[in-house]
Amino acid sequence: MWLNMLNNYSLVPAQKLQPQSMPAPGAAEPGCGLTGQYSGLSYDLGPIRPIGFPLDISIRDRSATREYIDWLRSKTNLPIIIKGVLTAEDAILAVNNGANAVIVSNHGGRELDSAAASIEALPEVVRAIGDRVEVYVDGGIRNGIDVFKALALGAKAVFVGRPILYGLAHSGEDGVQQILEILKSELIRTMTFAGCRSLSDIKPSFVVHESHYAKL
């Protein structure tokens, strides 16, 4: 068990995730299977790719194609959500190739300096595919007002990263719960001042780009 002595936060024990060779010749390359245990439950994910697919599938892999989605679709009935979409063109490609939803994200701004902020790219993506699949947004959500802005611009949900880690580092599980409560209360307060009684009342007209005020 991993233990953080600063805040007594612990992770579940008994995780084992290790590569194994697959017995069926020609079905997959050696070392690409995964087995493990989680909280006493054993699982076997089987081969993670067919022959010819690189073992290291990362966001920097320029060889990634729609075949990844086709392969994943053949392995699961779960919804497939594509993260890292920042343009209408990529959003349309993702949906046309089987994505059930997309996450507008620049991966925390860590991958490419000067990449578009997620909130800046959100309206373009929503206009392109918002009537076909759900659009989520990730990156830069720091308070309830940010959540309000994202919902107003068409996101169905937001993903929160750093604030959760801050709460976790400060007070463990209680800190995470407190962060979520703060975000919720800030969102409710923003909705109240904007005259919104429910999430469905939040409309694009409630927000404008900062460049709007530069013209005044």
# chains A, B, ... in the order shown; residues from 1 in each chain; ligands from 1
>>> closest_atom_pairs(of="region 103-147 of chain A", to="region 79-95 of chain A", cutoff="7 Å", atoms="only C-alpha atoms", output="JSON lines")
{"residue": "A:Ile103", "atom": "CA", "partner": "A:Lys83", "partner_atom": "CA", "distance": 4.5}
{"residue": "A:Val104", "atom": "CA", "partner": "A:Val85", "partner_atom": "CA", "distance": 4.8}
{"residue": "A:Ser105", "atom": "CA", "partner": "A:Gly84", "partner_atom": "CA", "distance": 4.6}
{"residue": "A:Asn106", "atom": "CA", "partner": "A:Gly84", "partner_atom": "CA", "distance": 5.7}
{"residue": "A:His107", "atom": "CA", "partner": "A:Gly84", "partner_atom": "CA", "distance": 6.5}
{"residue": "A:Ser118", "atom": "CA", "partner": "A:Leu86", "partner_atom": "CA", "distance": 6.9}
{"residue": "A:Ala121", "atom": "CA", "partner": "A:Leu86", "partner_atom": "CA", "distance": 5.4}
{"residue": "A:Glu124", "atom": "CA", "partner": "A:Ala88", "partner_atom": "CA", "distance": 5.8}
{"residue": "A:Val125", "atom": "CA", "partner": "A:Ala88", "partner_atom": "CA", "distance": 4.8}
{"residue": "A:Ala128", "atom": "CA", "partner": "A:Ala88", "partner_atom": "CA", "distance": 5.5}
{"residue": "A:Ile129", "atom": "CA", "partner": "A:Ile92", "partner_atom": "CA", "distance": 6.4}
>>> write_last_selection(atoms="N, CA, C and O atoms", output="PDB file, in the first residue's frame")
ATOM      1  N   ILE A 103     -13.446  15.268 -26.195  1.00  0.00           N
ATOM      2  CA  ILE A 103     -13.022  16.178 -25.135  1.00  0.00           C
ATOM      3  C   ILE A 103     -12.123  17.241 -25.752  1.00  0.00           C
ATOM      4  O   ILE A 103     -11.052  16.919 -26.290  1.00  0.00           O
ATOM      5  N   VAL A 104     -12.565  18.481 -25.701  1.00  0.00           N
ATOM      6  CA  VAL A 104     -11.739  19.595 -26.160  1.00  0.00           C
ATOM      7  C   VAL A 104     -10.659  19.822 -25.107  1.00  0.00           C
ATOM      8  O   VAL A 104     -10.952  20.116 -23.947  1.00  0.00           O
ATOM      9  N   SER A 105      -9.409  19.643 -25.493  1.00  0.00           N
ATOM     10  CA  SER A 105      -8.326  19.706 -24.511  1.00  0.00           C
ATOM     11  C   SER A 105      -6.993  19.955 -25.192  1.00  0.00           C
ATOM     12  O   SER A 105      -6.737  19.443 -26.279  1.00  0.00           O
ATOM     13  N   ASN A 106      -6.156  20.744 -24.538  1.00  0.00           N
ATOM     14  CA  ASN A 106      -4.769  20.884 -24.993  1.00  0.00           C
ATOM     15  C   ASN A 106      -3.829  20.142 -24.042  1.00  0.00           C
ATOM     16  O   ASN A 106      -2.649  20.450 -23.954  1.00  0.00           O
ATOM     17  N   HIS A 107      -4.378  19.175 -23.324  1.00  0.00           N
ATOM     18  CA  HIS A 107      -3.608  18.325 -22.404  1.00  0.00           C
ATOM     19  C   HIS A 107      -2.869  19.154 -21.359  1.00  0.00           C
ATOM     20  O   HIS A 107      -1.699  18.901 -21.050  1.00  0.00           O
ATOM     21  N   SER A 118      -8.163  25.535 -24.351  1.00  0.00           N
ATOM     22  CA  SER A 118      -9.336  24.688 -24.585  1.00  0.00           C
ATOM     23  C   SER A 118     -10.605  25.512 -24.706  1.00  0.00           C
ATOM     24  O   SER A 118     -11.444  25.261 -25.576  1.00  0.00           O
ATOM     25  N   ALA A 121     -11.055  27.040 -28.099  1.00  0.00           N
ATOM     26  CA  ALA A 121     -11.396  26.114 -29.177  1.00  0.00           C
ATOM     27  C   ALA A 121     -12.795  25.534 -29.030  1.00  0.00           C
ATOM     28  O   ALA A 121     -13.359  25.018 -29.996  1.00  0.00           O
ATOM     29  N   GLU A 124     -15.871  26.483 -31.564  1.00  0.00           N
ATOM     30  CA  GLU A 124     -15.696  25.954 -32.922  1.00  0.00           C
ATOM     31  C   GLU A 124     -16.055  24.476 -32.984  1.00  0.00           C
ATOM     32  O   GLU A 124     -16.737  24.025 -33.917  1.00  0.00           O
ATOM     33  N   VAL A 125     -15.619  23.727 -31.982  1.00  0.00           N
ATOM     34  CA  VAL A 125     -15.902  22.298 -31.962  1.00  0.00           C
ATOM     35  C   VAL A 125     -17.397  22.049 -31.757  1.00  0.00           C
ATOM     36  O   VAL A 125     -17.989  21.182 -32.410  1.00  0.00           O
ATOM     37  N   ALA A 128     -19.317  22.522 -34.841  1.00  0.00           N
ATOM     38  CA  ALA A 128     -19.061  21.494 -35.854  1.00  0.00           C
ATOM     39  C   ALA A 128     -19.789  20.190 -35.569  1.00  0.00           C
ATOM     40  O   ALA A 128     -20.303  19.546 -36.497  1.00  0.00           O
ATOM     41  N   ILE A 129     -19.851  19.776 -34.288  1.00  0.00           N
ATOM     42  CA  ILE A 129     -20.385  18.433 -34.001  1.00  0.00           C
ATOM     43  C   ILE A 129     -21.351  18.381 -32.825  1.00  0.00           C
ATOM     44  O   ILE A 129     -21.832  17.304 -32.463  1.00  0.00           O
TER      45      ILE A 129
END
>>> select_by_dssp(residues="region 55-206 of chain A", states="strand (DSSP E)", output="JSON list (two decimals) with N, CA, C and O atoms, in the first residue's frame")
[["chain", "number", "residue", "atom", "x", "y", "z"],
["A", 81, "ILE", "N", -14.40, 7.87, -26.39],
["A", 81, "ILE", "CA", -14.30, 9.33, -26.30],
["A", 81, "ILE", "C", -12.90, 9.75, -26.70],
["A", 81, "ILE", "O", -11.92, 9.25, -26.14],
["A", 82, "ILE", "N", -12.81, 10.64, -27.65],
["A", 82, "ILE", "CA", -11.51, 11.11, -28.16],
["A", 82, "ILE", "C", -11.14, 12.42, -27.46],
["A", 82, "ILE", "O", -11.89, 13.39, -27.50],
["A", 83, "LYS", "N", -9.96, 12.42, -26.82],
["A", 83, "LYS", "CA", -9.50, 13.62, -26.11],
["A", 83, "LYS", "C", -8.38, 14.29, -26.88],
["A", 83, "LYS", "O", -7.59, 13.63, -27.56],
["A", 84, "GLY", "N", -8.31, 15.61, -26.76],
["A", 84, "GLY", "CA", -7.24, 16.36, -27.40],
["A", 84, "GLY", "C", -7.68, 17.08, -28.66],
["A", 84, "GLY", "O", -6.86, 17.54, -29.45],
["A", 85, "VAL", "N", -8.99, 17.21, -28.86],
["A", 85, "VAL", "CA", -9.53, 17.86, -30.06],
["A", 85, "VAL", "C", -9.53, 19.37, -29.86],
["A", 85, "VAL", "O", -10.02, 19.86, -28.84],
["A", 101, "ALA", "N", -18.10, 10.70, -28.32],
["A", 101, "ALA", "CA", -18.00, 12.03, -27.74],
["A", 101, "ALA", "C", -16.57, 12.50, -27.90],
["A", 101, "ALA", "O", -15.68, 11.69, -28.21],
["A", 102, "VAL", "N", -16.34, 13.79, -27.72],
["A", 102, "VAL", "CA", -14.97, 14.31, -27.78],
["A", 102, "VAL", "C", -14.71, 15.20, -26.58],
["A", 102, "VAL", "O", -15.64, 15.79, -26.01],
["A", 103, "ILE", "N", -13.45, 15.27, -26.20],
["A", 103, "ILE", "CA", -13.02, 16.18, -25.13],
["A", 103, "ILE", "C", -12.12, 17.24, -25.75],
["A", 103, "ILE", "O", -11.05, 16.92, -26.29],
["A", 104, "VAL", "N", -12.56, 18.48, -25.70],
["A", 104, "VAL", "CA", -11.74, 19.59, -26.16],
["A", 104, "VAL", "C", -10.66, 19.82, -25.11],
["A", 104, "VAL", "O", -10.95, 20.12, -23.95],
["A", 105, "SER", "N", -9.41, 19.64, -25.49],
["A", 105, "SER", "CA", -8.33, 19.71, -24.51],
["A", 105, "SER", "C", -6.99, 19.96, -25.19],
["A", 105, "SER", "O", -6.74, 19.44, -26.28],
["A", 134, "GLU", "N", -21.90, 14.44, -27.73],
["A", 134, "GLU", "CA", -21.62, 15.35, -26.63],
["A", 134, "GLU", "C", -20.18, 15.84, -26.70],
["A", 134, "GLU", "O", -19.27, 15.11, -27.11],
["A", 135, "VAL", "N", -20.00, 17.09, -26.30],
["A", 135, "VAL", "CA", -18.68, 17.71, -26.29],
["A", 135, "VAL", "C", -18.35, 18.09, -24.85],
["A", 135, "VAL", "O", -19.14, 18.74, -24.17],
["A", 136, "TYR", "N", -17.19, 17.65, -24.39],
["A", 136, "TYR", "CA", -16.71, 17.99, -23.05],
["A", 136, "TYR", "C", -15.47, 18.88, -23.18],
["A", 136, "TYR", "O", -14.88, 18.98, -24.26],
["A", 137, "VAL", "N", -15.08, 19.49, -22.09],
["A", 137, "VAL", "CA", -13.89, 20.34, -22.14],
["A", 137, "VAL", "C", -13.02, 20.08, -20.93],
["A", 137, "VAL", "O", -13.52, 19.79, -19.84],
["A", 138, "ASP", "N", -11.71, 20.16, -21.14],
["A", 138, "ASP", "CA", -10.73, 19.89, -20.10],
["A", 138, "ASP", "C", -9.63, 20.92, -20.20],
["A", 138, "ASP", "O", -9.17, 21.26, -21.28],
["A", 157, "ALA", "N", -20.13, 18.83, -20.12],
["A", 157, "ALA", "CA", -19.50, 18.60, -18.83],
["A", 157, "ALA", "C", -18.07, 19.12, -18.89],
["A", 157, "ALA", "O", -17.54, 19.35, -19.98],
["A", 158, "VAL", "N", -17.47, 19.31, -17.73],
["A", 158, "VAL", "CA", -16.08, 19.74, -17.67],
["A", 158, "VAL", "C", -15.27, 18.73, -16.88],
["A", 158, "VAL", "O", -15.81, 18.00, -16.04],
["A", 159, "PHE", "N", -13.98, 18.68, -17.16],
["A", 159, "PHE", "CA", -13.06, 17.83, -16.41],
["A", 159, "PHE", "C", -12.14, 18.74, -15.60],
["A", 159, "PHE", "O", -11.67, 19.76, -16.12]]
>>> residues_around(residues="Val208 (chain A)", least_positions_apart="3", cutoff="12 Å", atoms="only C-alpha atoms", output="PyMOL selection string")
chain A and resi 119-120+123+149-150+152-153+203-205+211-214
>>> closest_residue(among="A:Gly172, A:Gly154, A:Gly98, A:Gly167", to="Asp131 (chain A)", atoms="only C-alpha atoms")
A:Gly154
>>> residues_around(residues="Arg162 (chain A)", least_positions_apart="3", cutoff="8 Å", atoms="only C-alpha atoms", output="list of chain:residue names")
A:Arg142, A:Leu165, A:Tyr166
>>> write_last_selection(atoms="N, CA and C atoms", output="PDB file, in the first residue's frame")
ATOM      1  N   ARG A 142     -10.734  26.303 -13.041  1.00  0.00           N
ATOM      2  CA  ARG A 142     -10.189  26.588 -11.714  1.00  0.00           C
ATOM      3  C   ARG A 142     -11.263  27.004 -10.709  1.00  0.00           C
ATOM      4  N   LEU A 165      -5.988  17.860  -7.477  1.00  0.00           N
ATOM      5  CA  LEU A 165      -4.677  17.487  -6.929  1.00  0.00           C
ATOM      6  C   LEU A 165      -4.283  18.402  -5.776  1.00  0.00           C
ATOM      7  N   TYR A 166      -4.632  19.686  -5.896  1.00  0.00           N
ATOM      8  CA  TYR A 166      -4.331  20.609  -4.795  1.00  0.00           C
ATOM      9  C   TYR A 166      -5.082  20.170  -3.532  1.00  0.00           C
TER      10      TYR A 166
END
